[in-house]
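A short worksheet on the structure shown next.
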Amino acid sequence: MDQIAVHQDSATSTDWPVAIYRTLKDFGVAQLSYVPDAGHSKLIKLSHADGAIKTTVLTTEEEGVALSAGAWLGGDRAVLLMQSSGVGNCVNMLSLMASCRFPLLTLVTMRGEWAEFNPWQIPMGRATPHAFEIMGVTVLRLDNPDDAEEVISAAASLAYDGDQQVAVLISQRMIGRKKWTKETH
Amino acid sequence: MSAPIGTLDRRAAVKALLADRGDLLVISGLGSSSYDVFDAGEHPGNFYLWGAMGGAAMMGLGLALAQPKRPVLVITGDGEQLMGIGSLLTIATKQPGNLSIAVLDNGHFGETGMQLSHSGLGAKLEVIASGAGIGSVSDIADMAGIERFRASLRDTGGGPRLARIRIAAGEVERALPPRDGTYLKNRFRAHLGLAVS
C-alpha cells in the first residue's frame, strides 16, 4: 500500500483523487505540473503513470502558472497542483493569466485550517483564498469527497470554456490528520 | 565597475537569430528582449511578454511540450532568466528537444537604471544551465556563434539548449510591440490553427 495512505487516517473511504483524475481526463487535460504535497500524492502518481499527460515537477509554484499559459498557447489544457503554502508564490505570475485571459485550473490542498499541528502553516493557509481573490482568481471549495467530480468539473468548465482562472481549495479535513510519528497520535 | 560582458549589438543578434525562421515559435521576455524580437519583424508566431518576470522559459516549456514538432525559442534577458532560475532545472527534467533559450546577457538590469545583475557580478548562466541538466549550452560572443546557434534551432531533437549571448550594455531605442495580451494569445493560437474561444 501507499505509504502516505498508511500514515494518514483519511476522513472518508471515498477515493477522491481518482475521481479528480477521471474528471481531468474527461476534460482532456494534457499537462499537469506540481509542487509535491502529500494530499496530492495519489493524483501525482496517476499522472506520472499516464502517458497522455505530460507531468512536470516544479521548483516553485509560479513556474506552473507560466507553464499553464504556454501549454494553452500551444493547444494543451493544463492543471497545476500545489499546497496552500505555495499560493503566495504565484501572485505576480497570476498577472500573466489575467492580462491575457489565459485559463488556469489549480487544485490546492489546504494546510493550516483543520486540526493543524504546525503553526508555521497557519498564516499562509488563512491567507490562501484572499491571495487568489486579490488577483481575480475564482475560488471554489471542495469540502466533501463525494463532490469531487462535480466541483472539479465545474472548475474545469469555468477555466477552459470560460477563459477564467480558477482555484479549487481542497479541505484539509478531506486529507486527514497528519500523524507525525508511527507510535503516537 | 566590472568589465563589459560583450560587444554584440542586441538588435543585430536577434535579427540574425530570427532570419529564415521557418516554423519557429518565439516567446520573448519582458523589456528589451520583447522590443528586440518585435524590431526583427512582426510575426503571429511571436508572443511578447510585457510582465510575468521570470516566466518566459516556463512558458516556452509549456508551449514546447504542447507542440513537440515545432521548434520553440525563448529570447530573454539575463535579469528575466535570473528571476526564474529554477525553471532551468524544471526544463531539464523534461528534456524538451524542441526548446531553446537565448539569454541576451549584458550583465545589467537594463530597464531599471542599468544596475549590475548577478551575471554582471560573476554568475555564469551557461554553467548554471549545464549544472541544471541542460545538455546543450553555449557561450556566444560573435555573429558566427549566433549563426551556429540559429542553424541548430531547426533540429527539434537536439534540445533543450541554452545560449548565453554576450551583448553590449548600451541603451537601444525602444520598439514597442502590441501590449494587449488577449490579442497576442488569440493571434498566436490562430497561427497554430487552434480554435479561438
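The chains in the C-alpha cells are called A, B, ... from first to last as shown; in each chain the residues are counted from 1, and the ligands are counted from 1 in the order shown.
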Taking only C-alpha atoms into account and nothing else, which residues of chain A lie no more than 10 Å away from chain B? Please answer as a ChimeraX atom specification. /A:30-31,33,54-60,62-78,92-102,160-163
Restricted to C-alpha atoms, what would the selected residues look like written as a PDB file, in the first residue's frame?
ATOM      1  CA  ALA A  30      -2.739  17.025 -21.342  1.00  0.00           C
ATOM      2  CA  GLN A  31      -0.286  18.702 -18.946  1.00  0.00           C
ATOM      3  CA  SER A  33       2.561  20.310 -13.099  1.00  0.00           C
ATOM      4  CA  LYS A  54       2.895  15.391 -19.670  1.00  0.00           C
ATOM      5  CA  THR A  55       3.750  15.642 -15.976  1.00  0.00           C
ATOM      6  CA  THR A  56       6.234  18.215 -14.710  1.00  0.00           C
ATOM      7  CA  VAL A  57       7.681  18.689 -11.244  1.00  0.00           C
ATOM      8  CA  LEU A  58       8.376  22.359 -10.432  1.00  0.00           C
ATOM      9  CA  THR A  59      10.896  24.088  -8.211  1.00  0.00           C
ATOM     10  CA  THR A  60       8.323  26.710  -7.227  1.00  0.00           C
ATOM     11  CA  GLU A  62       4.690  30.212 -10.127  1.00  0.00           C
ATOM     12  CA  GLU A  63       6.577  28.155 -12.702  1.00  0.00           C
ATOM     13  CA  GLY A  64       3.384  26.152 -13.110  1.00  0.00           C
ATOM     14  CA  VAL A  65       1.348  29.282 -13.775  1.00  0.00           C
ATOM     15  CA  ALA A  66       3.637  30.258 -16.662  1.00  0.00           C
ATOM     16  CA  LEU A  67       3.744  26.638 -17.861  1.00  0.00           C
ATOM     17  CA  SER A  68      -0.055  26.572 -17.994  1.00  0.00           C
ATOM     18  CA  ALA A  69      -0.034  29.725 -20.142  1.00  0.00           C
ATOM     19  CA  GLY A  70       2.475  28.241 -22.577  1.00  0.00           C
ATOM     20  CA  ALA A  71       0.523  24.985 -22.734  1.00  0.00           C
ATOM     21  CA  TRP A  72      -2.639  26.853 -23.674  1.00  0.00           C
ATOM     22  CA  LEU A  73      -0.794  28.843 -26.354  1.00  0.00           C
ATOM     23  CA  GLY A  74       0.181  25.504 -27.881  1.00  0.00           C
ATOM     24  CA  GLY A  75      -3.273  23.912 -27.574  1.00  0.00           C
ATOM     25  CA  ASP A  76      -2.852  21.870 -24.382  1.00  0.00           C
ATOM     26  CA  ARG A  77      -5.062  22.069 -21.320  1.00  0.00           C
ATOM     27  CA  ALA A  78      -3.010  22.156 -18.133  1.00  0.00           C
ATOM     28  CA  ASN A  92       2.662  38.285  -9.561  1.00  0.00           C
ATOM     29  CA  MET A  93       2.646  35.497 -12.161  1.00  0.00           C
ATOM     30  CA  LEU A  94      -1.155  35.472 -11.982  1.00  0.00           C
ATOM     31  CA  SER A  95      -0.981  38.870 -13.769  1.00  0.00           C
ATOM     32  CA  LEU A  96       0.028  36.923 -16.869  1.00  0.00           C
ATOM     33  CA  MET A  97      -3.197  34.941 -16.782  1.00  0.00           C
ATOM     34  CA  ALA A  98      -5.397  37.975 -16.115  1.00  0.00           C
ATOM     35  CA  SER A  99      -3.697  40.181 -18.729  1.00  0.00           C
ATOM     36  CA  CYS A 100      -4.068  37.559 -21.473  1.00  0.00           C
ATOM     37  CA  ARG A 101      -7.232  35.879 -20.179  1.00  0.00           C
ATOM     38  CA  PHE A 102      -5.407  32.557 -20.071  1.00  0.00           C
ATOM     39  CA  TYR A 160     -11.188  26.062 -20.158  1.00  0.00           C
ATOM     40  CA  ASP A 161     -14.507  27.208 -21.618  1.00  0.00           C
ATOM     41  CA  GLY A 162     -14.932  30.456 -19.714  1.00  0.00           C
ATOM     42  CA  ASP A 163     -11.277  31.560 -20.001  1.00  0.00           C
TER      43      ASP A 163
END
Interatomic distance, CA of Leu81 (chain A) to CA of Val108 (chain A) (Å, one decimal): 6.0 Å
Could you list, as a PyMOL selection string, every residue within 8 Å of Glu111 (chain B), counting only C-alpha atoms and ignoring same-chain residues fewer than 3 positions away? chain B and resi 31-32+114
Please give the complete set of residues from region 17-123 of chain A that DSSP, run on the backbone, assigns to helix (DSSP H, G or I), formatted as a PDB file with C-alpha atoms, in the first residue's frame.
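Now in states17.pdb:
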ATOM      1  CA  PRO A  17      -8.043  11.629  -6.021  1.00  0.00           C
ATOM      2  CA  VAL A  18      -9.204   9.026  -8.551  1.00  0.00           C
ATOM      3  CA  ALA A  19     -12.416  10.989  -9.092  1.00  0.00           C
ATOM      4  CA  ILE A  20     -10.333  14.112  -9.745  1.00  0.00           C
ATOM      5  CA  TYR A  21      -8.063  12.216 -12.133  1.00  0.00           C
ATOM      6  CA  ARG A  22     -11.013  10.846 -14.112  1.00  0.00           C
ATOM      7  CA  THR A  23     -12.601  14.274 -14.344  1.00  0.00           C
ATOM      8  CA  LEU A  24      -9.354  15.826 -15.605  1.00  0.00           C
ATOM      9  CA  LYS A  25      -9.160  13.053 -18.211  1.00  0.00           C
ATOM     10  CA  ASP A  26     -12.760  13.770 -19.270  1.00  0.00           C
ATOM     11  CA  ALA A  38       1.089  14.530   0.473  1.00  0.00           C
ATOM     12  CA  GLY A  39      -2.583  15.235  -0.234  1.00  0.00           C
ATOM     13  CA  HIS A  40      -1.898  15.203  -3.969  1.00  0.00           C
ATOM     14  CA  SER A  41       0.440  12.198  -3.936  1.00  0.00           C
ATOM     15  CA  LYS A  42      -2.052   9.744  -5.422  1.00  0.00           C
ATOM     16  CA  LEU A  43      -3.067  12.101  -8.231  1.00  0.00           C
ATOM     17  CA  ILE A  44       0.614  12.797  -8.973  1.00  0.00           C
ATOM     18  CA  LYS A  45       1.295   9.056  -9.236  1.00  0.00           C
ATOM     19  CA  LEU A  46      -1.695   8.556 -11.529  1.00  0.00           C
ATOM     20  CA  SER A  47      -0.493  11.411 -13.720  1.00  0.00           C
ATOM     21  CA  HIS A  48       3.066  10.131 -13.985  1.00  0.00           C
ATOM     22  CA  GLU A  61       4.623  27.161  -7.852  1.00  0.00           C
ATOM     23  CA  GLU A  62       4.690  30.212 -10.127  1.00  0.00           C
ATOM     24  CA  GLU A  63       6.577  28.155 -12.702  1.00  0.00           C
ATOM     25  CA  GLY A  64       3.384  26.152 -13.110  1.00  0.00           C
ATOM     26  CA  VAL A  65       1.348  29.282 -13.775  1.00  0.00           C
ATOM     27  CA  ALA A  66       3.637  30.258 -16.662  1.00  0.00           C
ATOM     28  CA  LEU A  67       3.744  26.638 -17.861  1.00  0.00           C
ATOM     29  CA  SER A  68      -0.055  26.572 -17.994  1.00  0.00           C
ATOM     30  CA  ALA A  69      -0.034  29.725 -20.142  1.00  0.00           C
ATOM     31  CA  GLY A  70       2.475  28.241 -22.577  1.00  0.00           C
ATOM     32  CA  ALA A  71       0.523  24.985 -22.734  1.00  0.00           C
ATOM     33  CA  TRP A  72      -2.639  26.853 -23.674  1.00  0.00           C
ATOM     34  CA  LEU A  73      -0.794  28.843 -26.354  1.00  0.00           C
ATOM     35  CA  SER A  84      -1.728  26.309   0.210  1.00  0.00           C
ATOM     36  CA  SER A  85       1.727  27.336   1.385  1.00  0.00           C
ATOM     37  CA  GLY A  86       2.715  27.861  -2.276  1.00  0.00           C
ATOM     38  CA  VAL A  87      -0.131  30.137  -3.265  1.00  0.00           C
ATOM     39  CA  GLY A  88       1.614  33.330  -2.237  1.00  0.00           C
ATOM     40  CA  ASN A  89       4.481  32.496  -4.581  1.00  0.00           C
ATOM     41  CA  CYS A  90       2.099  32.792  -7.535  1.00  0.00           C
ATOM     42  CA  LEU A  94      -1.155  35.472 -11.982  1.00  0.00           C
ATOM     43  CA  SER A  95      -0.981  38.870 -13.769  1.00  0.00           C
ATOM     44  CA  LEU A  96       0.028  36.923 -16.869  1.00  0.00           C
ATOM     45  CA  MET A  97      -3.197  34.941 -16.782  1.00  0.00           C
ATOM     46  CA  ALA A  98      -5.397  37.975 -16.115  1.00  0.00           C
ATOM     47  CA  SER A  99      -3.697  40.181 -18.729  1.00  0.00           C
ATOM     48  CA  CYS A 100      -4.068  37.559 -21.473  1.00  0.00           C
ATOM     49  CA  PRO A 119       1.701  26.778  13.476  1.00  0.00           C
ATOM     50  CA  TRP A 120       4.007  27.772  10.601  1.00  0.00           C
ATOM     51  CA  GLN A 121       1.375  26.566   8.134  1.00  0.00           C
ATOM     52  CA  ILE A 122      -1.419  28.703   9.531  1.00  0.00           C
ATOM     53  CA  PRO A 123      -0.700  32.251   8.238  1.00  0.00           C
TER      54      PRO A 123
END
When you look at Gly135 (chain B) with a cut-off of 8 Å (counting only C-alpha atoms), what residues show up, excluding the ones that are within fewer than 5 positions of it in the same chain? I need them as an NGL selection string. :B and (130 or 159-161)
Calculate how many Å separate CA of Ile167 (chain B) from CA of Asn106 (chain B), rounding to one decimal. 5.2 Å
Nearby residues (only C-alpha atoms) at most 9 Å from region 7-24 of chain B, same-chain spacing under 2 positions excluded, as a PDB file with N, CA and C atoms, in the first residue's frame:
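Below is the file that was written, part-v3.pdb:
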ATOM      1  N   PRO B   4      32.927  45.120 -19.416  1.00  0.00           N
ATOM      2  CA  PRO B   4      31.727  44.766 -20.180  1.00  0.00           C
ATOM      3  C   PRO B   4      31.687  43.278 -20.483  1.00  0.00           C
ATOM      4  N   ILE B   5      30.475  42.737 -20.466  1.00  0.00           N
ATOM      5  CA  ILE B   5      30.307  41.305 -20.735  1.00  0.00           C
ATOM      6  C   ILE B   5      30.511  40.987 -22.204  1.00  0.00           C
ATOM      7  N   VAL B  26       8.167  31.788 -31.031  1.00  0.00           N
ATOM      8  CA  VAL B  26       9.040  32.603 -30.180  1.00  0.00           C
ATOM      9  C   VAL B  26       8.267  33.195 -29.005  1.00  0.00           C
ATOM     10  N   SER B  33      14.072  42.526 -24.525  1.00  0.00           N
ATOM     11  CA  SER B  33      14.001  41.325 -25.366  1.00  0.00           C
ATOM     12  C   SER B  33      12.754  41.356 -26.242  1.00  0.00           C
ATOM     13  N   TYR B  35      11.254  44.058 -27.216  1.00  0.00           N
ATOM     14  CA  TYR B  35      11.463  45.101 -28.228  1.00  0.00           C
ATOM     15  C   TYR B  35      12.357  44.576 -29.359  1.00  0.00           C
ATOM     16  N   ASP B  36      13.360  43.812 -28.987  1.00  0.00           N
ATOM     17  CA  ASP B  36      14.287  43.269 -29.999  1.00  0.00           C
ATOM     18  C   ASP B  36      13.556  42.326 -30.961  1.00  0.00           C
ATOM     19  N   VAL B  37      12.718  41.453 -30.404  1.00  0.00           N
ATOM     20  CA  VAL B  37      12.015  40.479 -31.242  1.00  0.00           C
ATOM     21  C   VAL B  37      11.030  41.202 -32.153  1.00  0.00           C
ATOM     22  N   ASP B  39      11.291  44.289 -33.202  1.00  0.00           N
ATOM     23  CA  ASP B  39      12.076  45.056 -34.176  1.00  0.00           C
ATOM     24  C   ASP B  39      12.580  44.158 -35.310  1.00  0.00           C
ATOM     25  N   ALA B  40      12.783  42.883 -34.991  1.00  0.00           N
ATOM     26  CA  ALA B  40      13.264  41.953 -36.026  1.00  0.00           C
ATOM     27  C   ALA B  40      12.170  41.599 -37.020  1.00  0.00           C
ATOM     28  N   GLY B  41      10.907  41.902 -36.688  1.00  0.00           N
ATOM     29  CA  GLY B  41       9.821  41.646 -37.635  1.00  0.00           C
ATOM     30  C   GLY B  41       8.602  41.059 -36.956  1.00  0.00           C
ATOM     31  N   GLY B  45       3.596  34.160 -34.852  1.00  0.00           N
ATOM     32  CA  GLY B  45       4.227  33.142 -34.008  1.00  0.00           C
ATOM     33  C   GLY B  45       5.133  33.739 -32.951  1.00  0.00           C
ATOM     34  N   ASN B  46       5.007  35.059 -32.737  1.00  0.00           N
ATOM     35  CA  ASN B  46       5.722  35.720 -31.629  1.00  0.00           C
ATOM     36  C   ASN B  46       4.745  35.979 -30.491  1.00  0.00           C
ATOM     37  N   ARG B  70       7.307  21.522 -33.388  1.00  0.00           N
ATOM     38  CA  ARG B  70       7.704  22.878 -33.756  1.00  0.00           C
ATOM     39  C   ARG B  70       8.882  23.313 -32.899  1.00  0.00           C
ATOM     40  N   PRO B  71       9.896  23.909 -33.497  1.00  0.00           N
ATOM     41  CA  PRO B  71      10.952  24.488 -32.666  1.00  0.00           C
ATOM     42  C   PRO B  71      10.433  25.711 -31.902  1.00  0.00           C
ATOM     43  N   VAL B  72      10.776  25.780 -30.630  1.00  0.00           N
ATOM     44  CA  VAL B  72      10.351  26.891 -29.770  1.00  0.00           C
ATOM     45  C   VAL B  72      11.600  27.591 -29.252  1.00  0.00           C
ATOM     46  N   LEU B  73      11.639  28.915 -29.414  1.00  0.00           N
ATOM     47  CA  LEU B  73      12.783  29.701 -28.947  1.00  0.00           C
ATOM     48  C   LEU B  73      12.310  30.753 -27.951  1.00  0.00           C
ATOM     49  N   ILE B  75      13.494  34.026 -26.097  1.00  0.00           N
ATOM     50  CA  ILE B  75      14.530  35.060 -26.150  1.00  0.00           C
ATOM     51  C   ILE B  75      14.299  35.978 -24.968  1.00  0.00           C
ATOM     52  N   LEU B 104      19.964  37.006 -23.674  1.00  0.00           N
ATOM     53  CA  LEU B 104      20.712  38.195 -24.090  1.00  0.00           C
ATOM     54  C   LEU B 104      21.327  38.794 -22.830  1.00  0.00           C
ATOM     55  N   ASN B 106      23.659  41.204 -20.878  1.00  0.00           N
ATOM     56  CA  ASN B 106      24.507  42.400 -20.802  1.00  0.00           C
ATOM     57  C   ASN B 106      24.996  42.641 -19.380  1.00  0.00           C
ATOM     58  N   ALA B 141      29.807  35.009 -28.307  1.00  0.00           N
ATOM     59  CA  ALA B 141      30.322  36.377 -28.233  1.00  0.00           C
ATOM     60  C   ALA B 141      30.426  37.050 -29.598  1.00  0.00           C
ATOM     61  N   ASP B 142      30.111  36.311 -30.678  1.00  0.00           N
ATOM     62  CA  ASP B 142      30.231  36.925 -32.008  1.00  0.00           C
ATOM     63  C   ASP B 142      29.125  36.418 -32.931  1.00  0.00           C
ATOM     64  N   MET B 143      29.017  37.063 -34.095  1.00  0.00           N
ATOM     65  CA  MET B 143      27.919  36.734 -35.006  1.00  0.00           C
ATOM     66  C   MET B 143      28.069  35.332 -35.602  1.00  0.00           C
ATOM     67  N   ILE B 146      26.268  33.218 -33.238  1.00  0.00           N
ATOM     68  CA  ILE B 146      24.818  33.395 -33.422  1.00  0.00           C
ATOM     69  C   ILE B 146      24.342  32.534 -34.586  1.00  0.00           C
ATOM     70  N   GLU B 147      25.103  32.551 -35.670  1.00  0.00           N
ATOM     71  CA  GLU B 147      24.707  31.806 -36.861  1.00  0.00           C
ATOM     72  C   GLU B 147      24.696  30.295 -36.588  1.00  0.00           C
ATOM     73  N   PHE B 149      24.203  28.881 -33.679  1.00  0.00           N
ATOM     74  CA  PHE B 149      23.065  28.609 -32.790  1.00  0.00           C
ATOM     75  C   PHE B 149      21.765  28.614 -33.590  1.00  0.00           C
ATOM     76  N   ARG B 150      21.625  29.596 -34.480  1.00  0.00           N
ATOM     77  CA  ARG B 150      20.423  29.681 -35.319  1.00  0.00           C
ATOM     78  C   ARG B 150      20.231  28.405 -36.134  1.00  0.00           C
ATOM     79  N   ALA B 151      21.305  27.930 -36.708  1.00  0.00           N
ATOM     80  CA  ALA B 151      21.223  26.727 -37.539  1.00  0.00           C
ATOM     81  C   ALA B 151      20.798  25.511 -36.710  1.00  0.00           C
ATOM     82  N   LEU B 153      18.684  25.445 -34.265  1.00  0.00           N
ATOM     83  CA  LEU B 153      17.317  25.524 -33.745  1.00  0.00           C
ATOM     84  C   LEU B 153      16.352  24.607 -34.486  1.00  0.00           C
ATOM     85  N   ARG B 154      16.646  24.335 -35.768  1.00  0.00           N
ATOM     86  CA  ARG B 154      15.719  23.542 -36.579  1.00  0.00           C
ATOM     87  C   ARG B 154      15.688  22.081 -36.149  1.00  0.00           C
ATOM     88  N   ILE B 165      24.242  34.828 -24.733  1.00  0.00           N
ATOM     89  CA  ILE B 165      24.676  35.687 -25.827  1.00  0.00           C
ATOM     90  C   ILE B 165      25.183  36.996 -25.241  1.00  0.00           C
ATOM     91  N   ARG B 166      26.454  37.236 -25.427  1.00  0.00           N
ATOM     92  CA  ARG B 166      27.101  38.399 -24.800  1.00  0.00           C
ATOM     93  C   ARG B 166      26.829  39.644 -25.633  1.00  0.00           C
ATOM     94  N   ILE B 167      25.957  40.486 -25.112  1.00  0.00           N
ATOM     95  CA  ILE B 167      25.610  41.718 -25.829  1.00  0.00           C
ATOM     96  C   ILE B 167      26.190  42.928 -25.113  1.00  0.00           C
ATOM     97  N   ALA B 168      26.300  44.010 -25.870  1.00  0.00           N
ATOM     98  CA  ALA B 168      26.767  45.273 -25.291  1.00  0.00           C
ATOM     99  C   ALA B 168      25.682  45.848 -24.389  1.00  0.00           C
ATOM    100  N   ALA B 169      26.084  46.647 -23.434  1.00  0.00           N
ATOM    101  CA  ALA B 169      25.140  47.134 -22.427  1.00  0.00           C
ATOM    102  C   ALA B 169      24.490  48.466 -22.788  1.00  0.00           C
ATOM    103  N   GLY B 170      24.738  48.966 -23.975  1.00  0.00           N
ATOM    104  CA  GLY B 170      24.209  50.289 -24.315  1.00  0.00           C
ATOM    105  C   GLY B 170      22.698  50.330 -24.443  1.00  0.00           C
ATOM    106  N   VAL B 172      19.236  51.072 -26.269  1.00  0.00           N
ATOM    107  CA  VAL B 172      18.769  50.989 -27.653  1.00  0.00           C
ATOM    108  C   VAL B 172      17.386  51.625 -27.700  1.00  0.00           C
TER     109      VAL B 172
END
Enumerate the residues of region 116-177 of chain B with a DSSP assignment of strand (DSSP E), computed from the backbone, and present them as number ranges by chain. B: 116, 136-140, 161-166
Please identify all polymer residues within 7 Å of Leu104 (chain A), counting only C-alpha atoms, omitting same-chain residues fewer than 2 positions from it, and present them as a VMD selection string. chain A and resid 68 102 106 159 164 to 166
Which residue out of A:Val79, A:Leu169, A:Val35, A:Ala49 has the minimum interatomic distance to Ala156 (chain A) when only C-alpha atoms are used? A:Val79
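Picture a line from CA of Gly120 (chain B) to CA of Ala175 (chain B); it runs 24.8 Å.
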Min atom-atom distance to Lys69 (chain B) from the set B:Gly157, B:Ser100, B:Leu162, B:Leu121, counting only C-alpha atoms, belongs to B:Gly157
With distances taken over only C-alpha atoms, the candidate from B:Gly133, B:Pro44, B:Gly145, B:Gly6 nearest Ser119 (chain B) is B:Gly6
Compare A:Val137, A:Ile152, A:Leu32, A:Ile53 by their minimum atom-to-atom distance to Met82 (chain A), counting only C-alpha atoms, and give me the closest one. A:Leu32
